[in-house]
$ cat target.cif   # mmCIF, C-alpha atoms
data_final
loop_
_atom_site.label_atom_id
_atom_site.label_comp_id
_atom_site.auth_asym_id
_atom_site.auth_seq_id
_atom_site.Cartn_x
_atom_site.Cartn_y
_atom_site.Cartn_z
CA MET A 26 -40.30 -5.29 78.12
CA GLN A 27 -43.83 -6.39 79.09
CA LYS A 28 -43.95 -8.95 76.25
CA PHE A 29 -40.57 -10.35 77.31
CA PHE A 30 -41.76 -10.67 80.92
CA LEU A 31 -45.05 -12.37 79.93
CA LEU A 32 -43.23 -14.80 77.63
CA SER A 33 -40.90 -15.80 80.47
CA VAL A 34 -43.85 -16.37 82.82
CA THR A 35 -45.60 -18.53 80.21
CA VAL A 36 -42.53 -20.72 79.69
CA LEU A 37 -42.06 -21.16 83.42
CA LEU A 38 -45.69 -22.13 83.95
CA PHE A 39 -45.52 -24.64 81.11
CA GLY A 40 -42.40 -26.14 82.64
CA THR A 41 -44.12 -26.43 86.02
CA ILE A 42 -46.99 -28.43 84.53
CA GLN A 43 -44.58 -30.69 82.68
CA ALA A 44 -42.47 -31.23 85.81
CA GLN A 45 -45.56 -32.16 87.82
CA ASP A 46 -46.55 -34.72 85.21
CA ASN A 47 -43.11 -36.32 85.55
CA GLY A 48 -42.75 -35.80 89.31
CA LYS A 49 -41.76 -39.41 90.08
CA VAL A 50 -38.90 -39.33 87.58
CA SER A 51 -37.74 -35.87 88.65
CA ARG A 52 -37.36 -36.86 92.28
CA LYS A 53 -34.74 -39.45 91.30
CA ILE A 54 -32.40 -36.87 89.74
CA ASP A 55 -29.30 -36.09 91.82
CA ILE A 56 -28.36 -32.45 91.19
CA SER A 57 -26.35 -31.84 94.34
CA SER A 58 -23.15 -31.13 92.41
CA ARG A 59 -24.57 -29.23 89.44
CA PRO A 60 -23.51 -25.64 88.59
CA GLY A 61 -26.18 -23.35 89.99
CA ASP A 62 -25.47 -19.84 88.63
CA HIS A 63 -23.94 -18.89 91.96
CA LEU A 64 -22.12 -15.98 90.31
CA MET A 65 -23.89 -13.53 88.00
CA ILE A 66 -22.27 -10.61 86.19
CA GLN A 67 -24.47 -8.33 84.08
CA LEU A 68 -23.51 -5.66 81.55
CA SER A 69 -26.35 -3.39 80.45
CA SER A 70 -27.53 -0.49 78.38
CA ASP A 71 -29.38 1.82 80.79
CA HIS A 72 -32.27 4.12 79.91
CA LEU A 73 -34.49 6.60 81.73
CA THR A 74 -38.27 6.87 81.45
CA GLY A 75 -40.62 9.58 82.72
CA MET A 76 -38.38 12.48 81.81
CA PRO A 77 -39.61 15.72 80.20
CA ASP A 78 -38.16 16.49 76.76
CA SER A 79 -36.01 19.23 78.26
CA ILE A 80 -33.99 16.50 79.97
CA SER A 81 -34.31 13.53 77.59
CA ASN A 82 -33.07 15.63 74.65
CA HIS A 83 -29.77 16.02 76.48
CA GLN A 84 -29.10 12.32 77.07
CA SER A 85 -25.93 11.32 75.30
CA GLY A 86 -24.14 8.28 73.96
CA PHE A 87 -24.22 4.89 75.58
CA SER A 88 -25.40 4.90 79.19
CA LYS A 89 -24.21 1.70 80.81
CA GLY A 90 -24.63 -0.34 83.95
CA ILE A 91 -22.86 -3.23 85.62
CA ASN A 92 -24.28 -5.63 88.22
CA ALA A 93 -22.52 -8.43 90.10
CA TYR A 94 -24.18 -10.91 92.48
CA LEU A 95 -23.30 -13.95 94.57
CA MET A 96 -26.29 -16.29 94.66
CA LEU A 97 -27.65 -19.31 96.51
CA ASP A 98 -29.62 -21.75 94.35
CA LYS A 99 -32.28 -24.00 95.94
CA PRO A 100 -33.88 -26.55 93.54
CA PHE A 101 -37.44 -27.74 94.12
CA LYS A 102 -37.35 -31.32 95.43
CA SER A 103 -40.39 -32.39 93.39
CA SER A 104 -39.42 -30.41 90.25
CA PRO A 105 -35.62 -30.03 90.01
CA LYS A 106 -35.86 -28.12 86.75
CA PHE A 107 -37.10 -25.27 88.92
CA SER A 108 -35.20 -23.49 91.65
CA ILE A 109 -35.18 -20.35 93.77
CA GLY A 110 -32.14 -18.10 93.55
CA ILE A 111 -31.39 -15.48 96.19
CA GLY A 112 -28.23 -13.49 96.75
CA ILE A 113 -26.47 -10.22 97.40
CA GLY A 114 -24.38 -7.88 95.28
CA VAL A 115 -23.96 -4.45 93.79
CA GLY A 116 -25.86 -2.81 90.93
CA SER A 117 -24.89 0.44 89.23
CA SER A 118 -26.22 2.74 86.52
CA ASN A 119 -24.31 5.47 84.68
CA ILE A 120 -26.48 7.92 82.73
CA SER A 121 -24.63 10.14 80.26
CA PHE A 122 -25.71 13.67 79.34
CA LYS A 123 -24.54 16.22 76.79
CA LYS A 124 -24.42 19.95 77.52
CA MET A 125 -26.33 19.53 80.78
CA ILE A 126 -25.49 19.88 84.47
CA VAL A 127 -27.29 17.81 87.13
CA ASP A 128 -26.66 19.85 90.25
CA ILE A 129 -26.92 17.27 93.02
CA LYS A 130 -25.20 19.72 95.44
CA SER A 131 -27.93 22.33 94.99
CA THR A 132 -29.84 23.69 97.99
CA THR A 133 -33.16 23.91 96.11
CA THR A 134 -36.10 21.58 96.80
CA LYS A 135 -36.08 20.15 93.27
CA LEU A 136 -33.01 18.69 91.62
CA PRO A 137 -31.88 21.13 88.89
CA PHE A 138 -31.26 19.72 85.39
CA THR A 139 -29.69 22.74 83.68
CA ALA A 140 -29.00 22.94 79.94
CA VAL A 141 -25.70 24.65 79.10
CA ASP A 142 -25.84 24.75 75.30
CA SER A 143 -24.47 28.30 74.93
CA VAL A 144 -21.92 28.36 77.77
CA ASN A 145 -18.98 26.31 78.98
CA HIS A 146 -19.77 22.64 79.44
CA PHE A 147 -18.07 19.28 79.97
CA LYS A 148 -17.25 17.10 76.99
CA THR A 149 -18.41 14.03 78.93
CA TYR A 150 -20.82 14.16 81.85
CA LYS A 151 -22.66 11.42 83.73
CA LEU A 152 -24.87 10.73 86.71
CA SER A 153 -23.89 7.52 88.52
CA LEU A 154 -25.99 5.59 91.05
CA SER A 155 -24.82 2.51 92.97
CA TYR A 156 -26.92 0.15 95.09
CA LEU A 157 -26.34 -2.75 97.47
CA GLU A 158 -28.94 -5.22 96.16
CA VAL A 159 -30.68 -8.45 97.09
CA PRO A 160 -31.96 -10.28 93.97
CA LEU A 161 -34.62 -13.03 94.12
CA GLU A 162 -35.36 -15.26 91.11
CA LEU A 163 -37.67 -18.11 90.14
CA ARG A 164 -35.47 -20.14 87.79
CA TYR A 165 -36.04 -22.83 85.17
CA SER A 166 -33.34 -25.01 83.57
CA SER A 167 -34.26 -27.45 80.80
CA ASP A 168 -31.49 -29.84 81.92
CA PRO A 169 -30.78 -29.55 85.66
CA LEU A 170 -27.94 -32.08 85.41
CA GLN A 171 -26.05 -29.87 82.95
CA SER A 172 -27.31 -26.38 83.60
CA ASN A 173 -24.32 -24.85 81.80
CA LYS A 174 -25.53 -26.61 78.63
CA SER A 175 -29.25 -25.99 78.90
CA LEU A 176 -31.93 -23.44 78.17
CA LYS A 177 -32.58 -21.14 81.11
CA PHE A 178 -35.37 -18.78 82.09
CA ALA A 179 -35.80 -16.66 85.22
CA ILE A 180 -38.14 -14.01 86.53
CA GLY A 181 -37.77 -12.12 89.76
CA LEU A 182 -37.38 -8.99 91.80
CA LYS A 183 -34.46 -7.19 93.37
CA ALA A 184 -34.38 -4.65 96.17
CA GLY A 185 -31.50 -2.28 96.73
CA THR A 186 -30.31 0.45 99.06
CA LEU A 187 -28.48 3.46 97.63
CA ILE A 188 -24.81 3.51 98.63
CA ASN A 189 -23.49 6.22 96.30
CA ALA A 190 -24.78 8.98 94.00
CA HIS A 191 -22.42 11.25 92.12
CA THR A 192 -21.93 13.25 88.97
CA LYS A 193 -18.70 13.34 87.01
CA GLY A 194 -17.68 15.84 84.32
CA LYS A 195 -14.51 15.63 82.28
CA ASP A 196 -12.76 18.14 79.96
CA LEU A 197 -14.34 21.61 80.04
CA GLN A 198 -15.26 23.04 76.63
CA ASN A 199 -16.66 26.38 75.46
CA LYS A 200 -19.86 26.83 73.46
CA ASN A 201 -17.96 25.99 70.26
CA ASN A 202 -16.83 22.65 71.75
CA THR A 203 -13.22 23.83 72.00
CA LEU A 204 -11.21 22.60 74.97
CA VAL A 205 -10.89 25.21 77.73
CA SER A 206 -9.36 23.09 80.47
CA SER A 207 -8.60 19.40 80.87
CA TYR A 208 -9.71 18.30 84.33
CA THR A 209 -12.31 16.14 86.05
CA GLU A 210 -15.01 17.41 88.42
CA LYS A 211 -16.87 15.02 90.72
CA GLU A 212 -19.76 15.83 93.06
CA ASN A 213 -21.27 13.43 95.63
CA SER A 214 -24.71 13.69 97.24
CA LYS A 215 -27.67 11.37 97.91
CA LYS A 216 -29.96 14.22 98.97
CA TYR A 217 -32.43 14.08 96.06
CA PHE A 218 -32.59 10.30 95.53
CA ASN A 219 -34.79 7.60 96.98
CA GLY A 220 -32.79 5.47 99.40
CA THR A 221 -34.27 2.22 98.03
CA ARG A 222 -34.76 0.80 94.55
CA PHE A 223 -37.13 -2.01 93.53
CA MET A 224 -36.84 -3.65 90.11
CA ALA A 225 -38.65 -6.43 88.24
CA THR A 226 -36.25 -8.71 86.38
CA ALA A 227 -36.29 -11.40 83.69
CA ARG A 228 -33.63 -13.52 81.96
CA VAL A 229 -33.58 -15.94 79.04
CA GLY A 230 -30.58 -17.71 77.58
CA TYR A 231 -28.49 -20.82 77.03
CA GLY A 232 -25.62 -22.06 79.16
CA ILE A 233 -23.62 -19.32 80.85
CA PHE A 234 -24.98 -16.55 78.61
CA SER A 235 -28.41 -14.94 78.76
CA LEU A 236 -30.22 -11.75 77.86
CA PHE A 237 -31.79 -9.86 80.74
CA GLY A 238 -34.12 -6.97 81.35
CA ALA A 239 -34.82 -5.02 84.53
CA TYR A 240 -37.41 -2.31 85.11
CA GLN A 241 -37.53 -0.03 88.14
CA LEU A 242 -40.87 -0.09 89.98
CA ASN A 243 -40.36 3.03 92.08
CA ASN A 244 -38.91 6.43 91.16
CA ILE A 245 -35.25 7.36 91.25
CA LEU A 246 -35.97 10.77 92.79
CA LYS A 247 -37.88 11.57 95.96
CA ASP A 248 -41.46 12.76 95.33
CA VAL A 249 -40.66 16.45 95.85
CA ALA A 250 -37.31 16.33 94.07
CA GLY A 251 -38.41 16.07 90.44
CA PRO A 252 -40.27 14.13 87.74
CA PRO A 253 -41.15 10.41 88.14
CA ILE A 254 -37.97 9.12 86.52
CA LYS A 255 -37.29 5.37 86.41
CA ILE A 256 -34.46 3.28 85.02
CA TYR A 257 -34.68 0.20 82.84
CA GLN A 258 -31.77 -2.00 81.84
CA VAL A 259 -31.31 -4.34 78.88
CA GLY A 260 -28.16 -6.39 78.57
CA ILE A 261 -26.17 -9.61 78.88
CA THR A 262 -25.74 -11.89 81.88
CA ILE A 263 -22.74 -14.17 82.34
CA SER A 264 -23.45 -16.78 85.01
CA GLY A 265 -21.91 -19.94 86.37
CA LEU A 266 -20.29 -21.84 89.25
#

$ encode --input "target.cif" --output "structure tokens"
Amino acid sequence: MQKFFLLSVTVLLFGTIQAQDNGKVSRKIDISSRPGDHLMIQLSSDHLTGMPDSISNHQSGFSKGINAYLMLDKPFKSSPKFSIGIGIGVGSSNISFKKMIVDIKSTTTKLPFTAVDSVNHFKTYKLSLSYLEVPLELRYSSDPLQSNKSLKFAIGLKAGTLINAHTKGKDLQNKNNTLVSSYTEKENSKKYFNGTRFMATARVGYGIFSLFGAYQLNNILKDVAGPPIKIYQVGITISGL
């Protein structure tokens, strides 16, 4: 993740120097009608860091996230290959566990992560977090006249406020993984979670498709609620308009 971020910064800095050298030509480019990545949809694989083994050993399957943003794109007048993107949207993360209960309705000070290997458990179980987010990006497009047919790089930050936290378990099984009852249990509570999320972001791609990474800078849980768990996302961005 750090290497990917540093590579993106290097490319952007190189582009800035090149754009300055050709400033007189760049100012003549009319990009008023170009596509500006005003819509971004991201599909990700989500992972947790900072967890003790007692929790990480119970992560299961493919934990996924989806983000969607509406963006404004403001090109630099002197260097139109560069622009600032700012917007608003929703980001979500769904972390799957196996044979574990995350009791967000507990009355204890710390959030209980309870292993249930030898008792009844849900076949599928996940912790879901959703945020209203404001992303900010420094963008580079190799061809600002045809940004949907050019190389693209972006680095940035996004800040979010927690709008929902819930757990969802489906299909209760016994210790032998035999179905006991087919139903879905959902619990909602934001008690243990930080109300804000800050993430560093980076993208690299061509046209409307790019790879992206995002790393949380603060902890998911409040200081007294548990270990310093953070989320990072790696996935695909589809952008356009």

$ closest_residue --input "target.cif" --among "A:Asp248, A:Glu212, A:Asp98, A:Asp78" --to "A:Ser166" --atoms "all atoms listed in the file"
A:Asp98

$ axis_aligned_box --input "target.cif" --around "stretch 151-159 of chain A" --padding-each-side "8 Å" --output "JSON"
{"center_x": -26.7, "center_y": 1.5, "center_z": 90.6, "size_x": 24.0, "size_y": 35.9, "size_z": 29.7}

$ closest_residue --input "target.cif" --among "A:Lys102, A:His72, A:Lys151, A:His146" --to "A:Asn201" --atoms "all atoms listed in the file"
A:His146

$ closest_residue --input "target.cif" --among "A:Lys247, A:Lys130, A:Lys177, A:Lys89" --to "A:Gln67" --atoms "all atoms listed in the file"
A:Lys89

$ closest_residue --input "target.cif" --among "A:Leu73, A:Ile66, A:Ile126, A:Ile113" --to "A:Ala140" --atoms "only C-alpha atoms"
A:Ile126

$ resolve_selection --input "target.cif" --expression "the PyMOL selection byres ((chain A and resi 108) around 12)" --output "ChimeraX atom specification"
/A:37,40-41,56,61-62,96-107,109-111,161-167,169,172,177-181

$ closest_residue --input "target.cif" --among "A:Leu236, A:Leu246, A:Val159, A:Ala93" --to "A:Met224" --atoms "all atoms listed in the file"
A:Val159

$ closest_residue --input "target.cif" --among "A:Tyr231, A:His83, A:Phe122, A:Leu95" --to "A:Gly194" --atoms "only C-alpha atoms"
A:Phe122

$ resolve_selection --input "target.cif" --expression "the PyMOL selection byres ((chain A and resi 123) around 10)" --output "list in words"
Ile80, Asn82, His83, Gln84, Ser85, Gly86, Ser121, Phe122, Lys124, Met125, Ile126, Ala140, Val141, Asp142, His146, Phe147, Lys148, Thr149, Tyr150 and Lys151 of chain A

$ atom_distance --input "target.cif" --atom1 "atom CA of A:Gln258" --atom2 "atom CA of A:Asp71"
4.6 Å

$ residues_near_point --input "target.cif" --point "(-26.7, -17.8, 87.0)" --cutoff "6 Å" --atoms "only C-alpha atoms" --output "compact mmCIF listing (two decimals) with C-alpha atoms, in the frame of the given file"
# COMPACT_ATOMS: atom_id res chain seq x y z
CA ASP A 62 -25.47 -19.84 88.63
CA HIS A 63 -23.94 -18.89 91.96
CA LEU A 64 -22.12 -15.98 90.31
CA MET A 65 -23.89 -13.53 88.00
CA SER A 264 -23.45 -16.78 85.01
CA GLY A 265 -21.91 -19.94 86.37

$ atom_distance --input "target.cif" --atom1 "atom CA of A:Gly185" --atom2 "atom CA of A:Ser131"
24.9 Å

$ resolve_selection --input "target.cif" --expression "the PyMOL selection byres ((chain A and resi 206) around 7)" --output "list of chain:residue names"
A:Asp196, A:Leu197, A:Leu204, A:Val205, A:Ser207, A:Tyr208

$ atom_distance --input "target.cif" --atom1 "atom CA of A:Ser79" --atom2 "atom CA of A:Phe218"
19.7 Å

$ residues_near_point --input "target.cif" --point "(-14.7, 14.7, 91.0)" --cutoff "8 Å" --atoms "only C-alpha atoms" --output "list of chain:residue names"
A:Thr192, A:Lys193, A:Gly194, A:Thr209, A:Glu210, A:Lys211, A:Glu212

$ residues_around --input "target.cif" --residues "A:Thr221" --least-positions-apart "3" --cutoff "12 Å" --atoms "only C-alpha atoms" --output "count of residues only"
23
